[in-house]
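Okay, target-v8.cif is below, mmCIF, C-alpha atoms (C1' of nucleotides):
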```cif
data_input
#
loop_
_atom_site.label_atom_id
_atom_site.label_comp_id
_atom_site.auth_asym_id
_atom_site.auth_seq_id
_atom_site.Cartn_x
_atom_site.Cartn_y
_atom_site.Cartn_z
CA MET A 4 5.43 14.88 66.85
CA ILE A 5 6.99 16.02 70.04
CA TYR A 6 9.93 17.64 68.35
CA THR A 7 10.38 19.83 65.29
CA LYS A 8 11.08 18.85 61.70
CA THR A 9 14.76 19.50 62.22
CA GLY A 10 14.86 16.91 64.98
CA GLU A 11 12.73 14.51 63.01
CA TYR A 12 15.03 14.78 59.98
CA ALA A 13 18.06 14.21 62.20
CA ILE A 14 16.57 11.04 63.65
CA ARG A 15 15.42 9.71 60.32
CA ALA A 16 18.86 10.31 58.86
CA ILE A 17 20.68 8.68 61.76
CA LEU A 18 18.32 5.68 61.81
CA PHE A 19 18.82 5.35 58.07
CA LEU A 20 22.59 5.36 58.47
CA ALA A 21 22.29 2.89 61.35
CA ARG A 22 20.54 0.41 59.06
CA GLN A 23 23.28 0.48 56.42
CA PRO A 24 25.93 -2.25 56.11
CA LYS A 25 28.97 -1.38 58.20
CA GLU A 26 31.58 0.99 56.77
CA ASN A 27 29.33 1.96 53.87
CA LEU A 28 29.55 5.64 52.99
CA ILE A 29 26.21 7.18 52.10
CA MET A 30 25.86 10.49 50.35
CA SER A 31 23.73 13.19 51.85
CA SER A 32 21.71 13.32 48.61
CA GLU A 33 21.02 9.60 48.86
CA ILE A 34 19.65 9.87 52.38
CA ALA A 35 17.58 12.86 51.33
CA LYS A 36 16.08 10.91 48.44
CA SER A 37 15.41 7.71 50.40
CA GLU A 38 13.95 9.47 53.40
CA ASP A 39 12.25 12.22 51.42
CA ILE A 40 13.96 15.10 53.22
CA PRO A 41 14.87 18.45 51.56
CA ALA A 42 18.40 17.80 50.34
CA HIS A 43 20.08 21.09 51.20
CA TYR A 44 18.46 21.24 54.57
CA LEU A 45 19.53 17.74 55.43
CA ALA A 46 23.08 18.59 54.36
CA LYS A 47 23.13 21.27 57.06
CA ILE A 48 21.83 18.92 59.68
CA LEU A 49 24.42 16.27 58.78
CA GLN A 50 27.08 18.95 58.96
CA ARG A 51 26.07 19.69 62.53
CA MET A 52 25.83 16.06 63.45
CA ALA A 53 29.37 15.60 62.13
CA LYS A 54 30.50 18.32 64.57
CA TYR A 55 28.70 16.63 67.43
CA GLY A 56 30.44 13.35 66.55
CA TYR A 57 27.30 11.47 65.53
CA VAL A 58 28.48 10.91 61.96
CA ASP A 59 31.84 10.78 60.24
CA SER A 60 32.01 12.74 57.01
CA PHE A 61 34.24 12.26 53.98
CA LYS A 62 34.63 14.86 51.30
CA GLY A 63 35.23 14.42 47.61
CA ARG A 64 34.43 11.73 45.12
CA GLY A 65 33.32 8.56 46.82
CA GLY A 66 32.68 10.51 49.97
CA GLY A 67 29.63 10.60 52.19
CA PHE A 68 28.58 9.89 55.75
CA LYS A 69 28.54 7.00 58.15
CA ILE A 70 27.24 6.69 61.67
CA THR A 71 29.68 6.71 64.60
CA GLU A 72 29.79 4.42 67.61
CA LEU A 73 28.75 7.38 69.74
CA ALA A 74 25.52 7.79 67.79
CA LYS A 75 24.80 4.06 67.86
CA LYS A 76 24.99 4.07 71.63
CA SER A 77 23.02 7.30 72.00
CA SER A 78 19.27 7.52 72.47
CA ILE A 79 16.89 9.31 70.16
CA LEU A 80 16.31 11.87 72.88
CA GLU A 81 20.00 12.67 73.23
CA ILE A 82 20.47 13.25 69.54
CA VAL A 83 17.36 15.34 69.10
CA GLU A 84 18.18 17.49 72.11
CA ARG A 85 21.67 18.05 70.78
CA VAL A 86 20.35 19.09 67.40
CA GLU A 87 17.40 21.23 68.43
CA GLY A 88 17.52 21.87 72.18
CA PRO A 89 15.06 20.69 74.87
CA VAL A 90 12.39 18.48 73.36
CA ILE A 91 9.36 18.78 75.58
CA ASN A 92 8.39 21.90 77.37
CA LEU A 93 8.05 21.20 81.08
CA LYS A 94 4.99 23.34 81.43
CA CYS A 95 1.70 21.75 82.20
CA VAL A 96 -0.92 21.18 79.54
CA THR A 97 -3.11 23.75 81.26
CA GLY A 98 -0.38 26.36 80.84
CA LEU A 99 -1.51 27.89 84.11
CA LYS A 100 0.92 30.50 85.32
CA GLU A 101 1.09 29.52 88.95
CA CYS A 102 1.08 25.77 88.37
CA SER A 103 3.85 24.04 90.31
CA ASP A 104 4.47 20.93 92.39
CA GLU A 105 3.27 22.73 95.52
CA ASN A 106 0.40 24.45 93.76
CA PRO A 107 -0.57 21.94 91.10
CA CYS A 108 -3.13 22.43 88.39
CA PRO A 109 -5.75 19.68 88.07
CA LEU A 110 -3.78 17.87 85.38
CA HIS A 111 -0.37 18.28 86.96
CA GLU A 112 0.39 14.77 88.19
CA GLU A 113 -1.08 13.03 85.19
CA TRP A 114 0.87 15.22 82.82
CA ALA A 115 4.10 14.75 84.77
CA ASP A 116 3.56 11.01 84.50
CA LEU A 117 3.00 11.12 80.75
CA ARG A 118 5.99 13.41 80.29
CA ASN A 119 8.14 10.85 82.09
CA ARG A 120 6.79 8.03 79.96
CA ILE A 121 7.56 9.96 76.80
CA TYR A 122 11.06 10.69 78.01
CA ASN A 123 11.49 7.07 78.90
CA LEU A 124 10.19 5.88 75.55
CA ILE A 125 12.68 7.90 73.53
CA SER A 126 15.62 7.63 75.89
CA SER A 127 15.66 4.03 77.08
CA LYS A 128 16.60 2.43 73.76
CA SER A 129 19.75 3.15 71.77
CA VAL A 130 19.69 4.18 68.14
CA GLN A 131 21.29 0.85 67.29
CA GLU A 132 18.62 -1.16 69.08
CA VAL A 133 15.83 0.78 67.41
CA ALA A 134 17.47 0.43 64.01
CA GLU A 135 18.03 -3.32 64.41
CA LYS A 136 14.48 -4.00 65.47
CA TYR A 137 13.21 -1.92 62.61
CA SER A 138 15.37 -3.80 60.11
CA GLU A 139 13.85 -7.05 61.37
CA THR A 140 10.35 -5.72 60.86
CA LEU A 141 11.25 -4.62 57.36
CA ARG A 142 12.65 -8.06 56.57
CA ARG A 143 9.52 -9.78 57.85
CA HIS A 144 7.27 -7.58 55.75
CA LYS A 145 9.29 -7.18 52.55
CA MET B 9 4.01 21.96 75.63
CA ILE B 10 2.16 19.91 73.09
CA TYR B 11 0.56 22.90 71.48
CA THR B 12 1.75 26.34 70.39
CA LYS B 13 1.80 29.61 72.31
CA THR B 14 -1.40 30.64 70.62
CA GLY B 15 -3.17 27.60 71.98
CA GLU B 16 -1.60 28.01 75.38
CA TYR B 17 -2.71 31.64 75.57
CA ALA B 18 -6.23 30.65 74.54
CA ILE B 19 -6.43 28.04 77.29
CA ARG B 20 -4.98 30.29 79.95
CA ALA B 21 -7.42 33.02 79.01
CA ILE B 22 -10.44 30.72 79.02
CA LEU B 23 -9.45 29.10 82.32
CA PHE B 24 -8.96 32.55 83.77
CA LEU B 25 -12.42 33.61 82.65
CA ALA B 26 -13.85 30.34 83.95
CA ARG B 27 -12.55 31.18 87.44
CA GLN B 28 -14.25 34.58 87.58
CA PRO B 29 -17.50 35.21 89.46
CA LYS B 30 -20.46 34.65 87.16
CA GLU B 31 -21.52 37.46 84.83
CA ASN B 32 -18.38 39.46 85.55
CA LEU B 33 -16.97 41.20 82.49
CA ILE B 34 -13.20 41.10 82.27
CA MET B 35 -11.21 43.31 79.98
CA SER B 36 -8.74 41.80 77.58
CA SER B 37 -6.00 43.96 79.09
CA GLU B 38 -6.80 42.63 82.56
CA ILE B 39 -6.47 39.02 81.44
CA ALA B 40 -3.25 39.88 79.65
CA LYS B 41 -1.82 41.44 82.77
CA SER B 42 -2.92 38.70 85.16
CA GLU B 43 -1.84 35.86 82.92
CA ASP B 44 1.22 37.63 81.56
CA ILE B 45 0.24 37.35 77.91
CA PRO B 46 1.10 39.97 75.24
CA ALA B 47 -1.92 42.25 75.32
CA HIS B 48 -2.47 42.89 71.63
CA TYR B 49 -1.90 39.27 70.75
CA LEU B 50 -4.38 38.09 73.33
CA ALA B 51 -6.91 40.59 72.01
CA LYS B 52 -6.73 38.83 68.65
CA ILE B 53 -7.15 35.42 70.20
CA LEU B 54 -10.16 36.57 72.22
CA GLN B 55 -11.62 38.04 69.08
CA ARG B 56 -11.43 34.64 67.42
CA MET B 57 -12.79 32.88 70.47
CA ALA B 58 -15.74 35.28 70.39
CA LYS B 59 -16.44 34.17 66.82
CA TYR B 60 -16.25 30.52 67.81
CA GLY B 61 -18.73 31.19 70.61
CA TYR B 62 -16.35 30.49 73.48
CA VAL B 63 -16.61 33.99 74.91
CA ASP B 64 -19.17 36.77 74.76
CA SER B 65 -17.72 40.20 74.10
CA PHE B 66 -19.03 43.63 74.99
CA LYS B 67 -17.68 46.82 73.51
CA GLY B 68 -17.35 50.22 75.03
CA ARG B 69 -17.00 51.52 78.54
CA GLY B 70 -17.61 48.78 81.08
CA GLY B 71 -17.17 46.21 78.36
CA GLY B 72 -15.03 43.10 78.30
CA PHE B 73 -15.34 39.35 77.96
CA LYS B 74 -17.04 36.51 79.75
CA ILE B 75 -16.98 32.79 79.15
CA THR B 76 -19.94 31.09 77.48
CA GLU B 77 -21.70 27.90 78.48
CA LEU B 78 -20.30 26.27 75.34
CA ALA B 79 -16.73 26.92 76.47
CA LYS B 80 -17.45 25.72 80.01
CA LYS B 81 -18.67 22.40 78.66
CA SER B 82 -15.85 22.09 76.12
CA SER B 83 -12.57 20.32 76.74
CA ILE B 84 -9.16 21.91 76.54
CA LEU B 85 -8.46 19.85 73.44
CA GLU B 86 -11.56 21.10 71.63
CA ILE B 87 -10.74 24.73 72.26
CA VAL B 88 -7.10 24.44 71.33
CA GLU B 89 -7.89 22.54 68.15
CA ARG B 90 -10.44 25.18 67.18
CA VAL B 91 -7.93 27.95 67.75
CA GLU B 92 -4.81 26.41 66.23
CA GLY B 93 -5.72 23.22 64.35
CA PRO B 94 -4.70 19.62 65.16
CA VAL B 95 -2.71 19.44 68.34
CA ILE B 96 -0.58 16.34 68.13
CA ASN B 97 1.00 15.03 65.00
CA LEU B 98 0.06 11.40 64.51
CA LYS B 99 3.50 10.42 63.28
CA CYS B 100 5.63 8.14 65.36
CA VAL B 101 8.47 9.45 67.49
CA THR B 102 10.93 7.68 65.22
CA GLY B 103 9.58 9.61 62.26
CA LEU B 104 10.34 6.62 60.08
CA LYS B 105 8.84 7.03 56.65
CA GLU B 106 7.35 3.58 56.24
CA CYS B 107 6.09 3.26 59.82
CA SER B 108 2.46 2.10 59.94
CA ASP B 109 0.22 -0.26 61.88
CA GLU B 110 1.15 -3.13 59.55
CA ASN B 111 4.80 -2.18 59.37
CA PRO B 112 5.40 -0.71 62.80
CA CYS B 113 8.58 0.94 63.98
CA PRO B 114 9.98 -0.36 67.29
CA LEU B 115 8.25 2.38 69.28
CA HIS B 116 4.95 2.29 67.44
CA GLU B 117 2.62 0.69 69.97
CA GLU B 118 4.07 2.47 72.95
CA TRP B 119 3.78 5.81 71.25
CA ALA B 120 0.23 5.14 70.12
CA ASP B 121 -0.64 4.35 73.72
CA LEU B 122 0.94 7.56 75.05
CA ARG B 123 -0.73 9.61 72.33
CA ASN B 124 -4.09 8.23 73.43
CA ARG B 125 -3.35 9.01 77.05
CA ILE B 126 -2.46 12.58 76.18
CA TYR B 127 -5.61 12.96 74.16
CA ASN B 128 -7.59 11.52 77.00
CA LEU B 129 -5.94 13.77 79.55
CA ILE B 130 -6.87 16.97 77.77
CA SER B 131 -10.22 15.90 76.42
CA SER B 132 -11.91 14.02 79.25
CA LYS B 133 -12.42 16.97 81.58
CA SER B 134 -14.40 20.10 80.80
CA VAL B 135 -12.96 23.59 81.14
CA GLN B 136 -15.35 24.17 84.00
CA GLU B 137 -14.20 21.09 85.90
CA VAL B 138 -10.57 22.00 85.46
CA ALA B 139 -11.20 25.59 86.52
CA GLU B 140 -13.16 24.57 89.61
CA LYS B 141 -10.54 22.14 90.78
CA TYR B 142 -7.87 24.72 90.22
CA SER B 143 -9.78 27.32 92.21
CA GLU B 144 -9.96 24.87 95.12
CA THR B 145 -6.23 24.35 95.00
CA LEU B 146 -5.65 28.09 94.98
CA ARG B 147 -7.94 28.51 97.99
CA ARG B 148 -6.12 25.80 99.93
CA HIS B 149 -2.74 27.39 99.24
CA LYS B 150 -3.51 31.09 99.42
"C1'" DT C 15 47.57 18.21 36.39
"C1'" DT C 16 42.84 18.71 35.29
"C1'" DT C 17 38.26 17.22 35.92
"C1'" DT C 18 34.65 15.50 38.66
"C1'" DA C 19 32.20 14.49 42.81
"C1'" DT C 20 31.27 15.39 47.41
"C1'" DT C 21 31.05 17.82 51.99
"C1'" DA C 22 31.61 22.61 54.43
"C1'" DG C 23 30.16 26.98 55.18
"C1'" DG C 24 28.18 31.42 54.35
"C1'" DA C 25 24.45 34.05 52.56
"C1'" DT C 26 19.88 34.46 51.34
"C1'" DA C 27 14.87 33.31 50.70
"C1'" DT C 28 10.41 31.62 52.26
"C1'" DA C 29 6.86 30.41 55.49
"C1'" DA C 30 4.73 30.12 59.80
"C1'" DT C 31 4.11 32.01 64.17
"C1'" DA C 32 4.10 35.67 67.33
"C1'" DA C 33 3.61 40.38 68.39
"C1'" DT C 34 2.62 45.33 67.68
"C1'" DC C 35 0.26 49.48 65.92
"C1'" DC C 36 -3.43 52.24 64.46
"C1'" DA C 37 -7.87 53.59 62.84
"C1'" DT C 38 -12.81 52.23 63.39
"C1'" DT C 39 -16.94 50.89 65.83
"C1'" DA C 40 -19.81 50.70 69.73
"C1'" DA C 41 -21.40 51.63 74.25
"C1'" DA C 42 -21.60 54.11 78.56
"C1'" DA C 43 -20.82 58.30 81.19
"C1'" DA C 44 -20.38 63.23 81.50
"C1'" DT D 10 -24.08 65.75 72.34
"C1'" DT D 11 -19.36 65.10 73.50
"C1'" DT D 12 -15.96 62.43 75.74
"C1'" DT D 13 -14.11 58.35 77.30
"C1'" DT D 14 -13.46 53.50 77.16
"C1'" DA D 15 -13.15 49.03 75.19
"C1'" DA D 16 -13.52 45.60 71.50
"C1'" DT D 17 -12.89 45.04 66.20
"C1'" DG D 18 -10.35 44.70 62.19
"C1'" DG D 19 -6.72 45.71 59.04
"C1'" DA D 20 -1.87 46.48 58.30
"C1'" DT D 21 2.64 46.00 59.62
"C1'" DT D 22 6.72 44.18 61.87
"C1'" DA D 23 9.59 40.69 64.34
"C1'" DT D 24 11.09 36.23 65.24
"C1'" DT D 25 11.91 31.60 64.40
"C1'" DA D 26 11.93 27.55 61.61
"C1'" DT D 27 12.50 25.75 57.22
"C1'" DA D 28 14.56 25.64 52.85
"C1'" DT D 29 17.57 26.98 48.93
"C1'" DC D 30 21.72 28.73 46.55
"C1'" DC D 31 26.38 29.53 45.73
"C1'" DT D 32 31.34 29.29 46.51
"C1'" DA D 33 35.22 27.03 48.77
"C1'" DA D 34 37.70 23.03 50.28
"C1'" DT D 35 38.93 18.38 49.49
"C1'" DA D 36 39.62 13.96 47.61
"C1'" DA D 37 39.50 10.57 43.95
"C1'" DA D 38 39.67 9.55 39.08
"C1'" DA D 39 40.98 10.66 34.44
#
```

Could the structure of this file be written out as structure tokens, please?
Amino acid sequence: MIYTKTGEYAIRAILFLARQPKENLIMSSEIAKSEDIPAHYLAKILQRMAKYGYVDSFKGRGGGFKITELAKKSSILEIVERVEGPVINLKCVTGLKECSDENPCPLHEEWADLRNRIYNLISSKSVQEVAEKYSETLRRHK
Amino acid sequence: MIYTKTGEYAIRAILFLARQPKENLIMSSEIAKSEDIPAHYLAKILQRMAKYGYVDSFKGRGGGFKITELAKKSSILEIVERVEGPVINLKCVTGLKECSDENPCPLHEEWADLRNRIYNLISSKSVQEVAEKYSETLRRHK
DNA sequence: TTTTATTAGGATATAATAATCCATTAAAAA
DNA sequence: TTTTTAATGGATTATTATATCCTAATAAAA
């Protein structure tokens, strides 16, 4: 994984919410159970995502969470970076101190290329697109 | 960075040693200073690398470390994995629980491809090759 | 109005990683 | 032989990430 567990949990939760029928409220505990995420920890993450406007939250009996339009339009990268900060360190895989564009280490260009591809992979599709395609796959294989 | 600081320090230290004139003994503190790595922490890492046979160590006045033939022939991936365990989590960037080859998430194939490229990038060249090429670059730019 | 269910928020605990400190061992130089 | 220098190894501390617990706020149902 490129990002930490916190980011992974956030994405799994948001993709789970994105696959639910519209307007359905889902409890934090339900997401935790379905996605196998520590319940209390997930609750914290959802709390933060509510602040960022990625989910709407409703307290009390019958309450729960649902995904917002903002989150649906956002990319995985955007959400993860919001939740946990920069995803991929820019440093080269050689870690060499002086490595730079002018003074590149032997793996500099190749790594820059891969870094871009990774960025592209997780930022070019919206959460909604990913969720929809995944739902299709699930239907085909159920 | 794909790997942790520990792995990064290990690689920087071994690439530093690989760039030194043959048979030169370099003190741990010297590497730490040149590569800007916490001295005591690096000492521990070098200690482990000595056990793994990646460096030879010499105690006492005039002592220090030098790289072994084993390390020169090894890849960055091999050394990092020895020092810190598996480098890249195999899980998909979506983190989806049920994601598998048969039941792939929408980013499955693309991620598998990138993962392979990363592996290839850090495992197809030996430490010696990387160090030599880097030395050339340094000479050109000095 | 009281009870119940659910999120919010603060405090705390645990685990992994990173970093430091100190006493010991070994080797070379004085 | 004594002193100095450097790695070794054990213990400790610090930091960050992960996880849990408890109380408050809130909303619906009884």

_Point-to-point distance from CA of Glu89 (chain B) to CA of Tyr12 (chain A), Å rounded to tenths_ = 25.5 Å

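A straight line drawn from CA of Thr14 (chain B) to CA of Glu43 (chain B) is 13.4 Å long.
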
_If we count all atoms listed in the file and set the cut-off at 12 Å, which residues sit around Leu54 (chain B), ignoring sequence neighbours fewer than 3 positions away in its own chain? Please answer as number ranges by chain._
B: 14-15, 17-22, 25, 34-37, 39-40, 45, 47-51, 57-66, 72-75, 87, 91; D: 16-17

Produce a file of the selected residues containing C-alpha atoms (C1' of nucleotides), as a PDB file, in the frame of the given file.
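So selection-v1.pdb came out as:
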```pdb
ATOM      1  CA  THR B  14      -1.400  30.640  70.620  1.00  0.00           C
ATOM      2  CA  GLY B  15      -3.170  27.600  71.980  1.00  0.00           C
ATOM      3  CA  TYR B  17      -2.710  31.640  75.570  1.00  0.00           C
ATOM      4  CA  ALA B  18      -6.230  30.650  74.540  1.00  0.00           C
ATOM      5  CA  ILE B  19      -6.430  28.040  77.290  1.00  0.00           C
ATOM      6  CA  ARG B  20      -4.980  30.290  79.950  1.00  0.00           C
ATOM      7  CA  ALA B  21      -7.420  33.020  79.010  1.00  0.00           C
ATOM      8  CA  ILE B  22     -10.440  30.720  79.020  1.00  0.00           C
ATOM      9  CA  LEU B  25     -12.420  33.610  82.650  1.00  0.00           C
ATOM     10  CA  ILE B  34     -13.200  41.100  82.270  1.00  0.00           C
ATOM     11  CA  MET B  35     -11.210  43.310  79.980  1.00  0.00           C
ATOM     12  CA  SER B  36      -8.740  41.800  77.580  1.00  0.00           C
ATOM     13  CA  SER B  37      -6.000  43.960  79.090  1.00  0.00           C
ATOM     14  CA  ILE B  39      -6.470  39.020  81.440  1.00  0.00           C
ATOM     15  CA  ALA B  40      -3.250  39.880  79.650  1.00  0.00           C
ATOM     16  CA  ILE B  45       0.240  37.350  77.910  1.00  0.00           C
ATOM     17  CA  ALA B  47      -1.920  42.250  75.320  1.00  0.00           C
ATOM     18  CA  HIS B  48      -2.470  42.890  71.630  1.00  0.00           C
ATOM     19  CA  TYR B  49      -1.900  39.270  70.750  1.00  0.00           C
ATOM     20  CA  LEU B  50      -4.380  38.090  73.330  1.00  0.00           C
ATOM     21  CA  ALA B  51      -6.910  40.590  72.010  1.00  0.00           C
ATOM     22  CA  MET B  57     -12.790  32.880  70.470  1.00  0.00           C
ATOM     23  CA  ALA B  58     -15.740  35.280  70.390  1.00  0.00           C
ATOM     24  CA  LYS B  59     -16.440  34.170  66.820  1.00  0.00           C
ATOM     25  CA  TYR B  60     -16.250  30.520  67.810  1.00  0.00           C
ATOM     26  CA  GLY B  61     -18.730  31.190  70.610  1.00  0.00           C
ATOM     27  CA  TYR B  62     -16.350  30.490  73.480  1.00  0.00           C
ATOM     28  CA  VAL B  63     -16.610  33.990  74.910  1.00  0.00           C
ATOM     29  CA  ASP B  64     -19.170  36.770  74.760  1.00  0.00           C
ATOM     30  CA  SER B  65     -17.720  40.200  74.100  1.00  0.00           C
ATOM     31  CA  PHE B  66     -19.030  43.630  74.990  1.00  0.00           C
ATOM     32  CA  GLY B  72     -15.030  43.100  78.300  1.00  0.00           C
ATOM     33  CA  PHE B  73     -15.340  39.350  77.960  1.00  0.00           C
ATOM     34  CA  LYS B  74     -17.040  36.510  79.750  1.00  0.00           C
ATOM     35  CA  ILE B  75     -16.980  32.790  79.150  1.00  0.00           C
ATOM     36  CA  ILE B  87     -10.740  24.730  72.260  1.00  0.00           C
ATOM     37  CA  VAL B  91      -7.930  27.950  67.750  1.00  0.00           C
TER      38      VAL B  91
ATOM     39  C1'  DA D  16     -13.520  45.600  71.500  1.00  0.00           C
ATOM     40  C1'  DT D  17     -12.890  45.040  66.200  1.00  0.00           C
TER      41       DT D  17
END
```

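If we count all atoms listed in the file, these residues of chain C sit within 12 Å of chain A: DT17, DT18, DA19, DT20, DT21, DA22, DG23 and DG24 of chain C.
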
May I have a table of the residues of chain D lying at most 10 Å from chain A, giving each one's closest pair of atoms and their distance in Å to one decimal, counting only C-alpha atoms (C1' of nucleotides), ordered by chain and ascending residue number, as CSV?
```
residue,atom,partner,partner_atom,distance
D:DA26,C1',A:Thr9,CA,8.6
D:DT27,C1',A:Tyr44,CA,7.9
D:DA28,C1',A:Tyr44,CA,6.1
D:DT29,C1',A:His43,CA,6.8
D:DC30,C1',A:His43,CA,9.1
D:DA34,C1',A:Lys62,CA,8.8
D:DT35,C1',A:Gly63,CA,5.7
D:DA36,C1',A:Gly63,CA,4.4
D:DA37,C1',A:Arg64,CA,5.3
D:DA38,C1',A:Arg64,CA,8.3
```

Tell me, counting only C-alpha atoms, for each residue of region 37-137 of chain A within 10 Å of region 116-120 of chain B, which pair of atoms is nearest and how far apart they are in Å to one decimal, in rows ordered by chain and increasing number, as CSV.
```
residue,atom,partner,partner_atom,distance
A:Arg120,CA,B:Glu118,CA,9.4
A:Ile121,CA,B:Trp119,CA,7.9
A:Leu124,CA,B:Glu118,CA,7.5
A:Ile125,CA,B:Trp119,CA,9.4
```

Rows by chain and residue number, chain A within 10 Å of chain B, shortest pair, only C-alpha atoms, as a tab-separated table:
```
residue	atom	partner	partner_atom	distance
A:Met4	CA	B:Asn97	CA	4.8
A:Ile5	CA	B:Ile10	CA	6.9
A:Tyr6	CA	B:Val101	CA	8.4
A:Lys8	CA	B:Gly103	CA	9.4
A:Gly10	CA	B:Gly103	CA	9.4
A:Glu11	CA	B:Gly103	CA	5.9
A:Tyr12	CA	B:Gly103	CA	7.9
A:Ala13	CA	B:Gly103	CA	9.6
A:Ile14	CA	B:Thr102	CA	6.8
A:Arg15	CA	B:Leu104	CA	6.0
A:Ala16	CA	B:Leu104	CA	9.4
A:Leu18	CA	B:Leu104	CA	8.2
A:Phe19	CA	B:Leu104	CA	8.8
A:Ser37	CA	B:Lys105	CA	9.1
A:Glu38	CA	B:Lys105	CA	6.5
A:Asp39	CA	B:Lys105	CA	8.1
A:Ile79	CA	B:Thr102	CA	7.9
A:Leu80	CA	B:Val101	CA	9.8
A:Val90	CA	B:Met9	CA	9.4
A:Ile91	CA	B:Met9	CA	6.2
A:Asn92	CA	B:Met9	CA	4.7
A:Leu93	CA	B:Met9	CA	6.8
A:Lys94	CA	B:Met9	CA	6.0
A:Cys95	CA	B:Met9	CA	7.0
A:Val96	CA	B:Met9	CA	6.3
A:Thr97	CA	B:Ile19	CA	6.7
A:Gly98	CA	B:Glu16	CA	5.8
A:Leu99	CA	B:Arg20	CA	5.9
A:Lys100	CA	B:Glu43	CA	6.5
A:Glu101	CA	B:Leu146	CA	9.2
A:Cys102	CA	B:Tyr142	CA	9.2
A:Glu105	CA	B:His149	CA	8.5
A:Asn106	CA	B:Thr145	CA	6.7
A:Pro107	CA	B:Thr145	CA	7.3
A:Cys108	CA	B:Tyr142	CA	5.6
A:Pro109	CA	B:Tyr142	CA	5.9
A:Leu110	CA	B:Leu129	CA	7.4
A:Glu113	CA	B:Leu129	CA	7.5
A:Trp114	CA	B:Leu129	CA	7.7
A:Leu117	CA	B:Leu122	CA	7.0
A:Arg118	CA	B:Leu122	CA	9.3
A:Arg120	CA	B:Leu122	CA	7.7
A:Ile121	CA	B:Leu122	CA	7.3
A:Leu124	CA	B:Leu115	CA	7.4
A:Ile125	CA	B:Val101	CA	7.5
A:Lys128	CA	B:Leu115	CA	9.5
A:Val130	CA	B:Thr102	CA	9.9
A:Glu132	CA	B:Pro114	CA	8.9
A:Val133	CA	B:Pro114	CA	6.0
A:Ala134	CA	B:Pro114	CA	8.2
A:Glu135	CA	B:Pro114	CA	9.0
A:Lys136	CA	B:Pro114	CA	6.1
A:Tyr137	CA	B:Cys113	CA	5.6
A:Ser138	CA	B:Cys113	CA	9.1
A:Glu139	CA	B:Pro114	CA	9.7
A:Thr140	CA	B:Asn111	CA	6.7
A:Leu141	CA	B:Asn111	CA	7.2
A:Arg143	CA	B:Asn111	CA	9.1
A:His144	CA	B:Asn111	CA	7.0
A:Lys145	CA	B:Asn111	CA	9.6
```

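The closest residue to DA15 (chain D), picked from B:Glu38, B:Leu78, B:Ser108, B:Tyr127 and counting only C-alpha atoms (C1' of nucleotides), is B:Glu38.
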
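CA of Asn124 (chain B) is positioned 19.9 Å from CA of Ser126 (chain A).
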